[in-house]
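Structure data follow from start-v3.tsv (TSV, C-alpha atoms):
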chain	number	residue	atom	x	y	z
O	27	MET	CA	57.49	64.61	11.93
O	28	ILE	CA	55.39	63.99	14.99
O	29	LEU	CA	52.36	66.16	15.74
O	30	THR	CA	52.20	68.22	18.90
O	31	GLY	CA	49.13	68.04	21.14
O	32	LYS	CA	47.90	71.37	19.76
O	33	GLU	CA	48.27	70.07	16.20
O	34	ILE	CA	46.38	66.87	17.09
O	35	GLU	CA	43.52	69.03	18.39
O	36	LYS	CA	43.59	71.11	15.21
O	37	GLU	CA	43.49	68.05	12.99
O	38	VAL	CA	40.67	66.49	15.03
O	39	ASN	CA	38.67	69.68	14.45
O	40	ALA	CA	39.62	69.62	10.75
O	41	ARG	CA	38.43	65.97	10.64
O	42	LYS	CA	41.83	64.72	9.50
O	43	ILE	CA	42.14	62.71	12.70
O	44	THR	CA	39.31	60.79	14.37
O	45	ILE	CA	39.39	60.40	18.14
O	46	ASP	CA	35.93	59.55	19.42
O	47	PRO	CA	35.08	60.46	22.14
O	48	PHE	CA	37.55	63.38	22.23
O	49	LYS	CA	38.42	65.35	25.38
O	50	THR	CA	40.99	68.14	25.31
O	51	SER	CA	42.04	67.12	28.85
O	52	HIS	CA	43.50	63.90	27.34
O	53	LEU	CA	45.90	65.82	25.09
O	54	THR	CA	49.56	65.71	26.09
O	55	THR	CA	52.53	67.54	24.60
O	56	ASN	CA	52.85	65.09	21.69
O	57	SER	CA	50.09	62.55	22.13
O	58	TYR	CA	46.56	61.77	23.28
O	59	ASP	CA	45.78	59.52	26.26
O	60	LEU	CA	43.62	56.48	25.58
O	61	THR	CA	41.35	54.80	28.11
O	62	LEU	CA	40.69	51.10	28.68
O	63	GLY	CA	37.41	49.56	27.46
O	64	ASP	CA	35.35	47.18	29.62
O	65	ILE	CA	36.12	43.90	27.87
O	66	LEU	CA	39.17	41.62	27.98
O	67	LEU	CA	39.76	38.54	25.86
O	68	LYS	CA	41.80	35.55	26.97
O	69	TYR	CA	42.80	32.69	24.68
O	70	LYS	CA	41.69	29.22	25.73
O	71	GLU	CA	44.07	27.25	23.49
O	72	LYS	CA	47.02	25.29	24.89
O	73	ILE	CA	48.99	26.13	21.76
O	74	LEU	CA	48.13	29.21	19.74
O	75	ASP	CA	48.26	28.70	16.00
O	76	PRO	CA	48.30	31.59	13.50
O	77	LYS	CA	46.64	29.26	10.96
O	78	LYS	CA	43.65	28.64	13.24
O	79	ASN	CA	40.77	30.70	14.60
O	80	ASN	CA	42.01	30.40	18.21
O	81	LYS	CA	39.28	30.02	20.85
O	82	TYR	CA	38.98	32.64	23.57
O	83	LYS	CA	36.78	33.75	26.42
O	84	GLU	CA	35.45	37.20	27.21
O	85	ILE	CA	35.94	38.84	30.59
O	86	THR	CA	34.10	41.98	31.73
O	87	ILE	CA	36.40	44.11	33.88
O	88	PRO	CA	34.49	44.85	37.11
O	89	LYS	CA	34.34	48.43	38.38
O	90	LYS	CA	36.47	47.42	41.35
O	91	GLY	CA	39.19	46.28	38.97
O	92	PHE	CA	40.68	43.09	37.57
O	93	VAL	CA	44.10	41.71	38.48
O	94	LEU	CA	46.30	40.67	35.59
O	95	ARG	CA	48.44	37.88	36.95
O	96	LYS	CA	52.20	38.04	36.48
O	97	GLY	CA	53.07	36.54	33.10
O	98	SER	CA	49.49	36.56	31.83
O	99	PHE	CA	48.42	37.74	28.37
O	100	HIS	CA	45.05	39.37	27.59
O	101	LEU	CA	43.66	41.46	24.78
O	102	GLY	CA	41.91	44.67	25.73
O	103	CYS	CA	40.75	47.68	23.80
O	104	SER	CA	40.55	51.45	23.88
O	105	ARG	CA	37.21	53.12	24.55
O	106	GLU	CA	38.14	55.63	21.85
O	107	LYS	CA	37.74	55.01	18.17
O	108	ILE	CA	40.96	56.13	16.47
O	109	GLY	CA	41.89	56.68	12.86
O	110	SER	CA	43.36	59.02	10.29
O	111	ASP	CA	43.48	59.16	6.51
O	112	ALA	CA	46.31	61.70	6.71
O	113	TYR	CA	48.64	60.60	9.54
O	114	VAL	CA	50.21	57.40	10.86
O	115	PRO	CA	49.17	56.64	14.46
O	116	ILE	CA	51.61	54.92	16.83
O	117	ILE	CA	50.47	53.40	20.12
O	118	HIS	CA	52.47	53.60	23.36
O	119	ALA	CA	51.88	52.78	26.99
O	120	ARG	CA	51.62	55.67	29.39
O	121	SER	CA	54.88	55.77	31.25
O	122	GLY	CA	53.06	55.30	34.56
O	123	ILE	CA	51.70	51.98	33.23
O	124	ALA	CA	55.04	50.84	31.86
O	125	ARG	CA	56.59	51.57	35.26
O	126	LEU	CA	54.21	48.94	36.66
O	127	GLY	CA	55.74	46.43	34.24
O	128	LEU	CA	52.64	46.27	32.05
O	129	PHE	CA	53.09	46.03	28.28
O	130	ILE	CA	50.14	47.45	26.36
O	131	HIS	CA	51.43	45.99	23.11
O	132	VAL	CA	54.11	43.36	22.64
O	133	THR	CA	55.36	44.29	19.20
O	134	ALA	CA	52.97	46.09	16.85
O	135	ASP	CA	52.73	49.76	17.76
O	136	LEU	CA	52.35	50.98	14.18
O	137	ILE	CA	48.84	51.61	12.83
O	138	ASP	CA	48.12	51.85	9.10
O	139	ILE	CA	46.89	55.11	7.55
O	140	GLY	CA	43.19	54.71	6.85
O	141	SER	CA	42.67	52.14	9.61
O	142	HIS	CA	39.70	53.15	11.78
O	143	GLY	CA	38.34	51.52	14.91
O	144	VAL	CA	39.11	50.96	18.56
O	145	ILE	CA	42.69	49.95	19.33
O	146	THR	CA	43.31	46.38	20.51
O	147	PHE	CA	45.79	46.32	23.39
O	148	GLN	CA	48.12	43.36	23.82
O	149	LEU	CA	48.36	43.28	27.61
O	150	PHE	CA	51.30	41.41	29.07
O	151	ALA	CA	51.93	41.81	32.80
O	152	THR	CA	55.43	41.28	34.17
O	153	LEU	CA	54.13	41.94	37.71
O	154	PRO	CA	50.64	41.43	39.14
O	155	VAL	CA	48.75	44.59	38.22
O	156	LYS	CA	45.18	45.72	38.76
O	157	ILE	CA	43.43	47.42	35.89
O	158	TYR	CA	40.15	49.36	35.89
O	159	PRO	CA	37.64	50.13	33.15
O	160	GLY	CA	38.11	53.65	31.83
O	161	MET	CA	41.62	54.08	33.23
O	162	GLU	CA	44.10	56.07	31.16
O	163	LEU	CA	46.37	53.29	30.04
O	164	ALA	CA	47.93	54.20	26.71
O	165	GLN	CA	48.67	57.06	24.38
O	166	VAL	CA	48.57	57.56	20.66
O	167	SER	CA	50.89	59.78	18.67
O	168	PHE	CA	50.47	60.90	15.04
O	169	TRP	CA	53.23	61.02	12.42
O	170	GLN	CA	53.37	62.71	9.06
O	171	PRO	CA	53.78	60.35	6.10
O	172	LYS	CA	55.73	60.97	2.90
O	173	GLY	CA	54.42	59.76	-0.43
O	174	GLU	CA	51.16	58.87	-2.08
O	175	ILE	CA	48.65	57.45	0.39
O	176	VAL	CA	46.76	54.21	-0.18
O	177	LEU	CA	44.31	53.74	2.67
O	178	TYR	CA	44.09	50.61	4.79
O	179	SER	CA	41.23	48.28	3.92
O	180	GLY	CA	42.28	45.20	5.88
O	181	LYS	CA	40.60	42.67	8.10
O	182	TYR	CA	40.65	44.71	11.33
O	183	GLN	CA	38.79	47.72	9.86
O	184	ASP	CA	36.00	49.19	12.03
O	185	SER	CA	36.88	47.07	15.07
O	186	VAL	CA	34.55	47.44	18.03
O	187	GLY	CA	35.93	45.89	21.19
O	188	PRO	CA	39.15	43.90	21.32
O	189	LYS	CA	39.84	41.73	18.27
O	190	THR	CA	41.75	38.46	18.41
O	191	SER	CA	44.24	37.62	15.69
O	192	LEU	CA	42.72	37.09	12.25
O	193	SER	CA	45.97	35.74	10.82
O	194	TYR	CA	44.17	32.48	9.92
O	195	LEU	CA	42.39	34.37	7.12
O	196	GLY	CA	45.72	33.98	5.41
O	197	ASN	CA	45.81	37.18	3.39
O	198	ASN	CA	48.57	39.71	3.64
O	199	LYS	CA	46.49	42.50	5.17
E	28	MET	CA	58.56	61.43	8.00
E	29	ILE	CA	57.48	57.82	7.58
E	30	LEU	CA	57.21	56.52	4.01
E	31	THR	CA	53.88	55.36	2.65
E	32	GLY	CA	53.65	52.00	0.89
E	33	LYS	CA	53.69	53.71	-2.51
E	34	GLU	CA	56.83	55.64	-1.55
E	35	ILE	CA	58.52	52.41	-0.38
E	36	ILE	CA	57.81	50.86	-3.82
E	37	LYS	CA	59.23	53.98	-5.51
E	38	GLU	CA	62.40	53.94	-3.42
E	39	VAL	CA	62.89	50.20	-3.99
E	40	SER	CA	62.85	50.84	-7.75
E	41	ASN	CA	65.16	53.86	-7.29
E	42	GLY	CA	67.65	51.67	-5.42
E	43	ASN	CA	67.38	53.69	-2.20
E	44	ILE	CA	65.74	50.79	-0.36
E	45	THR	CA	66.72	47.13	-0.67
E	46	ILE	CA	64.11	44.44	-0.07
E	47	GLN	CA	65.18	41.17	-1.63
E	48	PRO	CA	63.07	39.26	-2.65
E	49	PHE	CA	60.44	41.99	-3.09
E	50	ASN	CA	56.75	41.21	-3.52
E	51	PHE	CA	54.13	43.93	-4.14
E	52	ILE	CA	51.51	41.95	-2.22
E	53	GLN	CA	53.53	42.45	0.99
E	54	ILE	CA	53.19	46.26	0.89
E	55	ASN	CA	51.03	47.89	3.58
E	56	PRO	CA	49.81	51.52	3.73
E	57	ASN	CA	53.01	52.53	5.59
E	58	SER	CA	55.21	49.45	5.93
E	59	TYR	CA	56.30	46.19	4.28
E	60	ASN	CA	55.54	42.71	5.64
E	61	TYR	CA	58.57	40.44	5.89
E	62	ARG	CA	58.76	36.66	6.22
E	63	LEU	CA	60.27	34.31	8.80
E	64	SER	CA	63.41	32.32	7.98
E	65	LYS	CA	63.54	28.54	7.51
E	66	THR	CA	65.62	28.06	10.66
E	67	ILE	CA	65.33	29.14	14.27
E	68	LYS	CA	67.82	29.16	17.14
E	69	VAL	CA	66.59	27.67	20.37
E	70	PHE	CA	68.24	28.64	23.67
E	71	LYS	CA	69.99	25.60	25.17
E	72	ASN	CA	71.99	26.65	28.23
E	73	MET	CA	74.60	29.02	29.54
E	74	THR	CA	78.29	28.31	29.35
E	75	GLY	CA	79.74	30.94	31.63
E	76	PRO	CA	78.31	34.33	30.63
E	77	LYS	CA	77.36	33.30	27.10
E	78	PRO	CA	74.05	31.72	26.13
E	79	VAL	CA	74.31	28.68	23.86
E	80	PHE	CA	71.74	28.22	21.10
E	81	ARG	CA	70.88	25.16	19.02
E	82	GLU	CA	69.85	25.83	15.44
E	83	ALA	CA	66.84	23.93	14.14
E	84	LEU	CA	65.13	23.72	10.79
E	85	ILE	CA	61.47	24.71	11.20
E	86	PRO	CA	59.53	21.60	10.11
E	87	LYS	CA	56.54	21.74	7.77
E	88	GLU	CA	54.09	21.36	10.67
E	89	GLY	CA	55.73	24.37	12.38
E	90	ILE	CA	57.68	24.76	15.60
E	91	VAL	CA	56.04	25.42	18.98
E	92	LEU	CA	57.69	28.20	20.97
E	93	GLU	CA	57.72	27.74	24.74
E	94	PRO	CA	56.62	30.78	26.74
E	95	ARG	CA	59.15	33.24	28.18
E	96	GLN	CA	62.09	31.71	26.29
E	97	LEU	CA	64.26	33.61	23.86
E	98	TYR	CA	64.43	32.32	20.30
E	99	LEU	CA	66.47	33.90	17.52
E	100	ALA	CA	65.59	33.77	13.85
E	101	HIS	CA	65.96	36.08	10.88
E	102	THR	CA	64.06	37.70	8.07
E	103	LEU	CA	63.88	35.75	4.83
E	104	GLU	CA	64.48	39.01	3.01
E	105	VAL	CA	67.64	41.06	2.80
E	106	ILE	CA	66.46	44.50	3.94
E	107	GLY	CA	68.32	47.79	4.12
E	108	SER	CA	68.63	51.37	3.02
E	109	LYS	CA	71.38	53.87	2.32
E	110	LYS	CA	68.91	56.74	2.70
E	111	TYR	CA	66.34	55.89	5.38
E	112	ALA	CA	66.32	54.72	8.99
E	113	MET	CA	64.21	51.65	9.64
E	114	SER	CA	61.93	50.32	12.34
E	115	LEU	CA	61.35	46.57	12.36
E	116	ILE	CA	58.49	45.17	14.43
E	117	GLY	CA	55.99	42.29	14.37
E	118	ARG	CA	52.62	42.19	12.63
E	119	SER	CA	49.61	43.06	14.72
E	120	SER	CA	48.18	39.60	13.97
E	121	LEU	CA	51.16	38.03	15.78
E	122	GLY	CA	51.18	40.60	18.57
E	123	ARG	CA	47.53	39.72	19.18
E	124	LEU	CA	48.75	36.16	19.79
E	125	GLY	CA	51.15	37.44	22.44
E	126	LEU	CA	54.35	37.11	20.42
E	127	PHE	CA	57.12	39.60	21.09
E	128	LEU	CA	59.04	40.20	17.90
E	129	GLN	CA	62.12	42.24	18.71
E	130	VAL	CA	62.38	42.52	22.45
E	131	SER	CA	63.16	46.23	22.43
E	132	ALA	CA	65.61	47.08	19.66
E	133	ASN	CA	63.45	47.91	16.67
E	134	LEU	CA	65.68	50.61	15.19
E	135	GLY	CA	67.62	49.75	12.04
E	136	HIS	CA	70.52	52.00	11.14
E	137	THR	CA	70.74	53.76	7.82
E	138	THR	CA	73.29	52.03	5.52
E	139	SER	CA	72.87	48.62	7.18
E	140	GLU	CA	71.64	45.96	4.75
E	141	HIS	CA	71.18	42.34	5.68
E	142	GLN	CA	68.82	39.60	6.77
E	143	TRP	CA	67.71	40.95	10.14
E	144	THR	CA	68.01	38.86	13.25
E	145	LEU	CA	64.65	38.50	15.01
E	146	GLU	CA	64.29	38.16	18.77
E	147	LEU	CA	61.20	36.12	19.52
E	148	VAL	CA	59.59	35.70	22.94
E	149	ALA	CA	56.17	34.07	23.26
E	150	THR	CA	53.90	34.91	26.20
E	151	GLN	CA	51.88	31.74	25.50
E	152	LYS	CA	52.77	28.61	23.54
E	153	ILE	CA	52.56	29.43	19.85
E	154	ARG	CA	53.22	27.55	16.64
E	155	LEU	CA	55.27	29.31	13.98
E	156	TYR	CA	55.82	28.32	10.37
E	157	SER	CA	58.80	29.05	8.14
E	158	ASN	CA	58.18	31.62	5.38
E	159	MET	CA	55.14	33.00	7.22
E	160	LEU	CA	54.47	36.75	7.07
E	161	ILE	CA	55.56	37.58	10.59
E	162	GLY	CA	56.51	41.23	10.87
E	163	GLN	CA	56.61	44.64	9.29
E	164	ILE	CA	59.31	47.18	8.59
E	165	SER	CA	58.82	50.92	8.15
E	166	PHE	CA	61.19	53.48	6.64
E	167	TRP	CA	61.83	56.92	8.09
E	168	GLU	CA	63.42	60.04	6.61
E	169	ASN	CA	66.62	61.28	8.20
E	170	LYS	CA	67.64	64.78	9.10
E	171	GLY	CA	71.36	65.47	9.03
E	172	HIS	CA	74.50	64.04	7.50
E	173	ILE	CA	74.51	60.25	7.16
E	174	LYS	CA	77.60	58.51	8.48
E	175	LEU	CA	78.20	54.97	7.27
E	176	TYR	CA	77.08	52.36	9.82
E	177	ARG	CA	80.20	50.57	11.07
E	178	GLY	CA	78.57	48.29	13.59
E	179	GLN	CA	79.21	44.60	13.68
E	180	TYR	CA	75.70	43.39	12.84
E	181	GLY	CA	74.76	45.55	9.85
E	182	ARG	CA	76.35	43.36	7.18
E	183	LEU	CA	75.60	39.98	8.69
E	184	ASP	CA	73.00	37.69	7.17
E	185	GLU	CA	71.53	34.65	8.90
E	186	THR	CA	70.74	34.63	12.60
E	187	GLN	CA	73.37	36.40	14.67
E	188	GLU	CA	73.64	35.85	18.39
E	189	SER	CA	74.79	38.70	20.57
E	190	LEU	CA	78.44	39.64	20.04
E	191	LEU	CA	78.75	41.43	23.37
E	192	HIS	CA	80.93	38.72	24.89
Target format structure tokens, applied to this file:
Amino acid sequence: MILTGKEIEKEVNARKITIDPFKTSHLTTNSYDLTLGDILLKYKEKILDPKKNNKYKEITIPKKGFVLRKGSFHLGCSREKIGSDAYVPIIHARSGIARLGLFIHVTADLIDIGSHGVITFQLFATLPVKIYPGMELAQVSFWQPKGEIVLYSGKYQDSVGPKTSLSYLGNNK
Amino acid sequence: MILTGKEIIKEVSNGNITIQPFNFIQINPNSYNYRLSKTIKVFKNMTGPKPVFREALIPKEGIVLEPRQLYLAHTLEVIGSKKYAMSLIGRSSLGRLGLFLQVSANLGHTTSEHQWTLELVATQKIRLYSNMLIGQISFWENKGHIKLYRGQYGRLDETQESLLH
């Protein structure tokens, strides 16, 4: 089952869901709107390799906005710290963003129970699109799990800012 | 409801979920990590309306995917369930490298059981290795009567191209 906006608010107050900072105005019928953090990461490698620590550069998004070129890939992050030890979060674009042809993730929308930190966005632009720091870009929904819960304790725990792939660490998590 | 990792393990031992081969280390808090096949299909050209693919063995040093090209591969594991619906996506570690894994069809029908065909599109050049942990599958409870899946893909192993034509 998916939580309604009201239920998300209730569970934030009951400390079963962390959304920090939390504003009731960002609640929707079944989700919470996430805003874009100030930093983007762009890989500098000609060929990305999951076995390597791929080099990247950091870009600060100016207040007047930053244009993602058509076909470009950047990592961004949410300003909000998100997590729950009781529910499974799933990340989506806001439909207004998707209608501009911007992917906010390219495959992995599912977050592990017990994972806490800011969300890393996988930004892929199919059209040139200007993005601004603090804009409402994405949404998170919360889903009820079934079964005994073992909390996430993987390599992306407590992320601050966007995090590049840590697949080179080789472990399963 | 989405099954937790512990519940997935339970339902694998109860026979309600098939993951073959199954390895405990690949369990996540609410999904299971699957591996990439030994082969990959590379788009060659179009003959009339139908795309033609060339199948290649992924060498030990890996295969480099060109950006914005469709590749087809499959899961090393046979995965399915008579009881749950499934959602098959990539791992966040691969998404963070700009790899689309499943272009939009992540939903797996209850009662299908096979090696899943993967649709891979890279946004930047990326090297992939056979057997690597590449994606994750989650299992979801159904509501309502389950009708046997009769589609054309649900029993097929190996990499299946589109059968629309």
> Which polymer residues have any atom within 8 Å of an atom of Gly32 (chain E), counting all atoms listed in the file, with same-chain residues fewer than 3 positions away left out, as a PyMOL selection string?
Replying inline: (chain O and resi 173-176) or (chain E and resi 35-36+54-59)
> For chain E against chain O, which residues fall within 9 Å using all atoms listed in the file, given as a ChimeraX atom specification?
Replying inline: /E:28-35,52-58,60,91-92,95,116-131,150-156,160,162-163,165,167-168
> Within 9 Å of (38.5, 39.4, 30.8), in the coordinates the file gives, what residues turn up when you count only C-alpha atoms, written out as JSON, numbers by chain?
Replying inline: {"O": [64, 65, 66, 67, 68, 83, 84, 85, 86, 87, 92, 100, 101, 102]}
>> With distances taken over only C-alpha atoms, which residue among O:Ile108, O:Tyr58, O:Lys96, O:Asn79 lies nearest Leu163 (chain O)?
In response: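 Of O:Ile108, O:Tyr58, O:Lys96, O:Asn79, the one nearest Leu163 (chain O), counting only C-alpha atoms, is O:Tyr58.
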> What lies within 12 Å of Gly171 (chain E) using only C-alpha atoms, ignoring chain neighbours under 2 positions off, as a count of residues only?
Replying inline: 8
>> So that I can check the surroundings of Lys49 (chain O), please list as a VMD selection string every protein, DNA and RNA residue that reaches within 12 Å of it, counting only C-alpha atoms and ignoring chain neighbours fewer than 5 positions away.
In response: chain O and resid 31 34 to 35 38 to 39 44 54 58 to 61 106
> Between CA of Thr138 (chain E) and CA of Met113 (chain E), what is the spacing in Å?
Replying inline: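 Taking CA of Met113 (chain E) as the start and CA of Thr138 (chain E) as the end point, the length is 10.0 Å.
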> Distance CA of Ser167 (chain O)-CA of Lys42 (chain O), one decimal place?
Replying inline: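 Straight-line distance from CA of Ser167 (chain O) to CA of Lys42 (chain O) works out to 13.8 Å.
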